[in-house]
Amino acid sequence: GDEGDKLIFRILNSGDFLKKMDENDFNKPDLSKIVNKISEKGLRYDLTVPFARFVVKNQNELTLPFKRYQIQPVWRADKPQKGRYREFYQCDVDVIGSKTMINEYELIQIINSVFEKLKINAHIKINNRKILAGIFEIVGEADKFIPITVAIDKINKIGIDNVIEELNKIGLSKNAIKTLANLLDKKNNSNNNISELKNILTNNPTGKEGIEEIEKILNYLENDNLFVKVNFDFSLARGLSYYTGTIFEVIANDAEIGSICGGGRYDDLTEMFGLKDISGVGVSFGAERIYDVMEQLNLFPEYAYTSTKVIFINFGEKEENKCIQLAKELRKKGISTEIYPEQAKLKKQMQYANKKNIPYVIMIGEEELNSETLTIKNMNSGEQKTIKAEELIRFFG
């Protein structure tokens, strides 16, 4: 879509990138044609379009429905500000090759699991592009679907008055603007909103189908005690033009940073690569924004800052050899372990463990070496315990 195209990071053609231009091109106001001549490449904008191409390329090897997750950086030629980055990581979860709403339901379960585990108090906004399309058809503005959705999608950033102003600029009729403004004003009263929309869309097949799909998802969720709340929101539009059905957006309740996860259903995306009638749905978690929220709300647990769980104090060459043997055993069990690399004062080694937030310090001195024991100190509680060397693995098990 136009909004997305503006944010693609363009790469100038190699060599003489102006060789395809002629004098007349510079006199034309259509900047997009000039850009396409001098820049045929760009940095990856998202992970969904490449995924669609992957599915088409490997259609004979894949078993549909096909599920995948993918974590990679993407780039946007945007103005950097709070919550907006020019390079950031998307964590995508998609299922393609199935139209059933159980896929949307399972994606909501994934979203719920992630934010429950991260302890981020959030809510999921859900809508359906078919509902929007149905309303636009009824008010006689179906041909302006993309610009209207782009305008509506900005409501939380610019407010309803500015959205109405944008709808005026698009050229919507007064009746269309009045109908949309009325529905947008009631976005927080989701149950009444659905009932009202159902009445409006009774004779519109597209919108009616969208309502049925939303109600199907809400019915799946009816008996679930979710950590995150799910709210129907007519104002949710999502700016990308490839969405065709259900759309999602996740907002952190206690931090002002915009959406931290979003996505939706796309029915025609593989068609641009030559494969028709393959429907997919997915969501994308914004890693940096989630990190920002967790940092702002102090949600990172202490161990998140710890790369090493155990460190052996180095008392000398004989003790060091014993530490090397035991460190190997701990590492085999997946316990990240260090040995202080040289003999130094005990105070210095303890300070090192403290600064690195290493929770356990193991001491094997001459006495422990002779008795085949070791002393473990819990750096958080200060408690010390002496155990047999052979019990070490079981202690951390």
# chains A, B, ... in the order shown; residues from 1 in each chain; ligands from 1
call {"tool": "residues_around", "arguments": {"residues": "A:Ile387", "least_positions_apart": "2", "cutoff": "12 Å", "atoms": "only C-alpha atoms", "output": "list of chain:residue names"}}
result
A:Ile362, A:Met363, A:Ile364, A:Glu368, A:Leu369, A:Ser371, A:Glu372, A:Thr373, A:Leu374, A:Thr375, A:Ile376, A:Lys377, A:Gln384, A:Lys385, A:Ala389, A:Glu390, A:Glu391, A:Leu392, A:Ile393, A:Arg394, A:Phe395
call {"tool": "write_last_selection", "arguments": {"atoms": "N, CA and C atoms", "output": "PDB file, in the first residue's frame"}}
result
ATOM      1  N   ILE A 362      31.353 -21.004  43.997  1.00  0.00           N
ATOM      2  CA  ILE A 362      31.826 -22.286  44.544  1.00  0.00           C
ATOM      3  C   ILE A 362      33.286 -22.130  44.955  1.00  0.00           C
ATOM      4  N   MET A 363      33.586 -22.550  46.170  1.00  0.00           N
ATOM      5  CA  MET A 363      34.948 -22.450  46.701  1.00  0.00           C
ATOM      6  C   MET A 363      35.506 -23.832  46.992  1.00  0.00           C
ATOM      7  N   ILE A 364      36.655 -24.111  46.382  1.00  0.00           N
ATOM      8  CA  ILE A 364      37.367 -25.365  46.656  1.00  0.00           C
ATOM      9  C   ILE A 364      38.776 -24.980  47.067  1.00  0.00           C
ATOM     10  N   GLU A 368      38.863 -28.379  51.324  1.00  0.00           N
ATOM     11  CA  GLU A 368      37.813 -29.022  50.518  1.00  0.00           C
ATOM     12  C   GLU A 368      38.420 -30.054  49.568  1.00  0.00           C
ATOM     13  N   LEU A 369      39.590 -29.726  49.041  1.00  0.00           N
ATOM     14  CA  LEU A 369      40.250 -30.640  48.106  1.00  0.00           C
ATOM     15  C   LEU A 369      40.577 -31.955  48.790  1.00  0.00           C
ATOM     16  N   SER A 371      39.114 -33.235  51.460  1.00  0.00           N
ATOM     17  CA  SER A 371      37.912 -33.952  51.926  1.00  0.00           C
ATOM     18  C   SER A 371      36.923 -34.223  50.785  1.00  0.00           C
ATOM     19  N   GLU A 372      37.326 -33.871  49.553  1.00  0.00           N
ATOM     20  CA  GLU A 372      36.474 -34.050  48.362  1.00  0.00           C
ATOM     21  C   GLU A 372      35.098 -33.415  48.558  1.00  0.00           C
ATOM     22  N   THR A 373      35.132 -32.207  49.086  1.00  0.00           N
ATOM     23  CA  THR A 373      33.904 -31.426  49.267  1.00  0.00           C
ATOM     24  C   THR A 373      34.069 -30.084  48.553  1.00  0.00           C
ATOM     25  N   LEU A 374      33.028 -29.293  48.613  1.00  0.00           N
ATOM     26  CA  LEU A 374      33.099 -27.929  48.104  1.00  0.00           C
ATOM     27  C   LEU A 374      32.085 -27.074  48.849  1.00  0.00           C
ATOM     28  N   THR A 375      32.348 -25.785  48.891  1.00  0.00           N
ATOM     29  CA  THR A 375      31.449 -24.851  49.579  1.00  0.00           C
ATOM     30  C   THR A 375      30.757 -23.970  48.545  1.00  0.00           C
ATOM     31  N   ILE A 376      29.432 -23.958  48.615  1.00  0.00           N
ATOM     32  CA  ILE A 376      28.636 -23.146  47.689  1.00  0.00           C
ATOM     33  C   ILE A 376      28.044 -21.968  48.451  1.00  0.00           C
ATOM     34  N   LYS A 377      28.258 -20.770  47.915  1.00  0.00           N
ATOM     35  CA  LYS A 377      27.678 -19.571  48.531  1.00  0.00           C
ATOM     36  C   LYS A 377      26.597 -18.994  47.628  1.00  0.00           C
ATOM     37  N   GLN A 384      25.783 -20.117  53.027  1.00  0.00           N
ATOM     38  CA  GLN A 384      26.847 -21.010  52.557  1.00  0.00           C
ATOM     39  C   GLN A 384      26.529 -22.447  52.953  1.00  0.00           C
ATOM     40  N   LYS A 385      26.898 -23.384  52.047  1.00  0.00           N
ATOM     41  CA  LYS A 385      26.626 -24.793  52.320  1.00  0.00           C
ATOM     42  C   LYS A 385      27.790 -25.628  51.798  1.00  0.00           C
ATOM     43  N   ALA A 389      31.548 -33.292  46.606  1.00  0.00           N
ATOM     44  CA  ALA A 389      31.745 -32.895  45.210  1.00  0.00           C
ATOM     45  C   ALA A 389      30.813 -33.670  44.279  1.00  0.00           C
ATOM     46  N   GLU A 390      30.559 -34.928  44.625  1.00  0.00           N
ATOM     47  CA  GLU A 390      29.701 -35.763  43.768  1.00  0.00           C
ATOM     48  C   GLU A 390      28.232 -35.327  43.793  1.00  0.00           C
ATOM     49  N   GLU A 391      27.859 -34.489  44.768  1.00  0.00           N
ATOM     50  CA  GLU A 391      26.479 -34.020  44.882  1.00  0.00           C
ATOM     51  C   GLU A 391      26.232 -32.705  44.126  1.00  0.00           C
ATOM     52  N   LEU A 392      27.263 -32.179  43.479  1.00  0.00           N
ATOM     53  CA  LEU A 392      27.177 -30.853  42.860  1.00  0.00           C
ATOM     54  C   LEU A 392      26.065 -30.769  41.799  1.00  0.00           C
ATOM     55  N   ILE A 393      26.043 -31.715  40.893  1.00  0.00           N
ATOM     56  CA  ILE A 393      25.057 -31.690  39.802  1.00  0.00           C
ATOM     57  C   ILE A 393      23.638 -31.756  40.376  1.00  0.00           C
ATOM     58  N   ARG A 394      23.463 -32.606  41.391  1.00  0.00           N
ATOM     59  CA  ARG A 394      22.145 -32.771  42.009  1.00  0.00           C
ATOM     60  C   ARG A 394      21.718 -31.464  42.698  1.00  0.00           C
ATOM     61  N   PHE A 395      22.673 -30.694  43.228  1.00  0.00           N
ATOM     62  CA  PHE A 395      22.372 -29.444  43.911  1.00  0.00           C
ATOM     63  C   PHE A 395      21.697 -28.440  42.949  1.00  0.00           C
TER      64      PHE A 395
END
call {"tool": "residues_around", "arguments": {"residues": "A:Ala252", "least_positions_apart": "6", "cutoff": "12 Å", "atoms": "only C-alpha atoms", "output": "JSON, numbers by chain"}}
result
{"A": [115, 116, 118, 119, 120, 121, 122, 123, 124, 125, 228, 229, 258, 259, 260, 261, 289, 290, 291, 292, 293, 294, 296, 297]}
call {"tool": "residues_around", "arguments": {"residues": "A:Leu226", "least_positions_apart": "5", "cutoff": "10 Å", "atoms": "only C-alpha atoms", "output": "list in words"}}
result
Ile108, Gln109, Asn112, Ser113, Glu116 and Leu221 of chain A
call {"tool": "write_last_selection", "arguments": {"atoms": "N, CA, C and O atoms", "output": "mmCIF file, in the first residue's frame"}}
result
data_model
loop_
_atom_site.group_PDB
_atom_site.id
_atom_site.type_symbol
_atom_site.label_atom_id
_atom_site.label_comp_id
_atom_site.auth_asym_id
_atom_site.auth_seq_id
_atom_site.Cartn_x
_atom_site.Cartn_y
_atom_site.Cartn_z
ATOM 1 N N ILE A 108 -4.412 -15.905 19.398
ATOM 2 C CA ILE A 108 -4.742 -15.172 20.626
ATOM 3 C C ILE A 108 -4.180 -15.912 21.843
ATOM 4 O O ILE A 108 -3.672 -15.298 22.786
ATOM 5 N N GLN A 109 -4.246 -17.255 21.812
ATOM 6 C CA GLN A 109 -3.671 -18.045 22.901
ATOM 7 C C GLN A 109 -2.155 -17.813 23.005
ATOM 8 O O GLN A 109 -1.602 -17.717 24.107
ATOM 9 N N ASN A 112 -1.541 -14.377 24.438
ATOM 10 C CA ASN A 112 -1.829 -14.438 25.870
ATOM 11 C C ASN A 112 -0.682 -15.086 26.636
ATOM 12 O O ASN A 112 -0.253 -14.582 27.678
ATOM 13 N N SER A 113 -0.176 -16.201 26.112
ATOM 14 C CA SER A 113 0.924 -16.916 26.788
ATOM 15 C C SER A 113 2.173 -16.052 26.893
ATOM 16 O O SER A 113 2.837 -16.025 27.926
ATOM 17 N N GLU A 116 1.575 -13.083 29.366
ATOM 18 C CA GLU A 116 1.439 -13.594 30.733
ATOM 19 C C GLU A 116 2.802 -13.970 31.297
ATOM 20 O O GLU A 116 3.128 -13.653 32.442
ATOM 21 N N LEU A 221 -13.473 -17.887 22.692
ATOM 22 C CA LEU A 221 -12.811 -17.308 23.864
ATOM 23 C C LEU A 221 -13.702 -17.226 25.093
ATOM 24 O O LEU A 221 -13.227 -16.908 26.180
#
call {"tool": "residues_around", "arguments": {"residues": "stretch 146-148 of chain A", "least_positions_apart": "6", "cutoff": "9 Å", "atoms": "only C-alpha atoms", "output": "PyMOL selection string"}}
result
chain A and resi 1-2+136+166-167+170+172+237+239-241
call {"tool": "select_by_dssp", "arguments": {"residues": "stretch 132-215 of chain A", "states": "helix (DSSP H, G or I)", "output": "ChimeraX atom specification"}}
result
/A:132-138,142-152,155-170,174-185,190-200,205-215
call {"tool": "select_by_dssp", "arguments": {"residues": "stretch 74-236 of chain A", "states": "strand (DSSP E or B)", "output": "PyMOL selection string"}}
result
chain A and resi 74-75+81+84+87-96+122-128+229-232
call {"tool": "closest_residue", "arguments": {"among": "A:Leu7, A:Asp78, A:Arg84, A:Asn298", "to": "A:Ala255", "atoms": "only C-alpha atoms"}}
result
A:Asn298
call {"tool": "residues_around", "arguments": {"residues": "A:Arg238", "least_positions_apart": "2", "cutoff": "8 Å", "atoms": "only C-alpha atoms", "output": "CSV table (one decimal) with all heavy atoms, in the first residue's frame"}}
result
chain,number,residue,atom,x,y,z
A,149,THR,N,-9.2,3.4,5.5
A,149,THR,CA,-8.6,2.6,6.6
A,149,THR,C,-7.3,3.2,7.1
A,149,THR,O,-7.0,3.2,8.4
A,149,THR,CB,-8.3,1.2,6.1
A,149,THR,OG1,-7.6,1.2,4.9
A,149,THR,CG2,-9.6,0.4,5.9
A,150,VAL,N,-6.5,3.8,6.3
A,150,VAL,CA,-5.3,4.5,6.7
A,150,VAL,C,-5.6,5.7,7.6
A,150,VAL,O,-5.0,5.8,8.7
A,150,VAL,CB,-4.5,5.0,5.5
A,150,VAL,CG1,-3.4,6.0,5.9
A,150,VAL,CG2,-3.9,3.9,4.7
A,153,ASP,N,-7.0,4.3,11.0
A,153,ASP,CA,-5.9,3.6,11.8
A,153,ASP,C,-5.2,4.6,12.6
A,153,ASP,O,-4.5,4.2,13.6
A,153,ASP,CB,-5.0,2.9,10.8
A,153,ASP,CG,-4.1,1.9,11.5
A,153,ASP,OD1,-4.7,1.1,12.3
A,153,ASP,OD2,-2.9,1.9,11.3
A,236,LEU,N,-10.1,-0.1,14.9
A,236,LEU,CA,-8.9,-0.8,14.4
A,236,LEU,C,-9.0,-1.1,12.9
A,236,LEU,O,-9.9,-1.7,12.5
A,236,LEU,CB,-8.7,-2.1,15.2
A,236,LEU,CG,-7.5,-2.9,14.9
A,236,LEU,CD1,-6.2,-2.2,15.2
A,236,LEU,CD2,-7.5,-4.2,15.6
A,240,LEU,N,-1.6,-1.7,6.6
A,240,LEU,CA,-1.2,-2.5,5.5
A,240,LEU,C,-2.3,-2.9,4.7
A,240,LEU,O,-3.3,-3.4,5.2
A,240,LEU,CB,-0.3,-3.7,6.0
A,240,LEU,CG,1.0,-3.3,6.7
A,240,LEU,CD1,1.6,-4.5,7.3
A,240,LEU,CD2,1.9,-2.6,5.7
A,243,TYR,N,-4.2,-7.0,4.4
A,243,TYR,CA,-5.1,-7.6,5.3
A,243,TYR,C,-6.5,-7.7,4.7
A,243,TYR,O,-7.0,-6.7,4.1
A,243,TYR,CB,-5.2,-6.9,6.6
A,243,TYR,CG,-3.9,-7.0,7.4
A,243,TYR,CD1,-3.2,-5.9,7.9
A,243,TYR,CD2,-3.4,-8.3,7.8
A,243,TYR,CE1,-2.1,-6.0,8.6
A,243,TYR,CE2,-2.2,-8.4,8.5
A,243,TYR,CZ,-1.6,-7.2,8.9
A,243,TYR,OH,-0.4,-7.3,9.7
A,247,ILE,N,-8.2,-8.7,12.1
A,247,ILE,CA,-7.0,-7.9,12.3
A,247,ILE,C,-6.9,-7.8,13.9
A,247,ILE,O,-7.8,-7.7,14.6
A,247,ILE,CB,-7.0,-6.5,11.7
A,247,ILE,CG1,-8.4,-5.8,11.8
A,247,ILE,CG2,-6.6,-6.6,10.2
A,247,ILE,CD1,-8.4,-4.4,11.2
call {"tool": "closest_residue", "arguments": {"among": "A:Val74, A:Ala287, A:Met379, A:Ile160", "to": "A:Val49", "atoms": "only C-alpha atoms"}}
result
A:Val74
call {"tool": "residues_around", "arguments": {"residues": "A:Arg68", "least_positions_apart": "3", "cutoff": "7 Å", "atoms": "only C-alpha atoms", "output": "number ranges by chain"}}
result
A: 93-95
call {"tool": "write_last_selection", "arguments": {"atoms": "C-alpha atoms", "output": "PDB file, in the first residue's frame"}}
result
ATOM      1  CA  VAL A  93       3.919 -16.438  14.031  1.00  0.00           C
ATOM      2  CA  ASP A  94       1.831 -17.501  11.002  1.00  0.00           C
ATOM      3  CA  VAL A  95      -0.380 -20.305   9.752  1.00  0.00           C
TER       4      VAL A  95
END
call {"tool": "closest_residue", "arguments": {"among": "A:Thr100, A:Cys91, A:Asn175, A:Leu180", "to": "A:Asp161", "atoms": "only C-alpha atoms"}}
result
A:Leu180
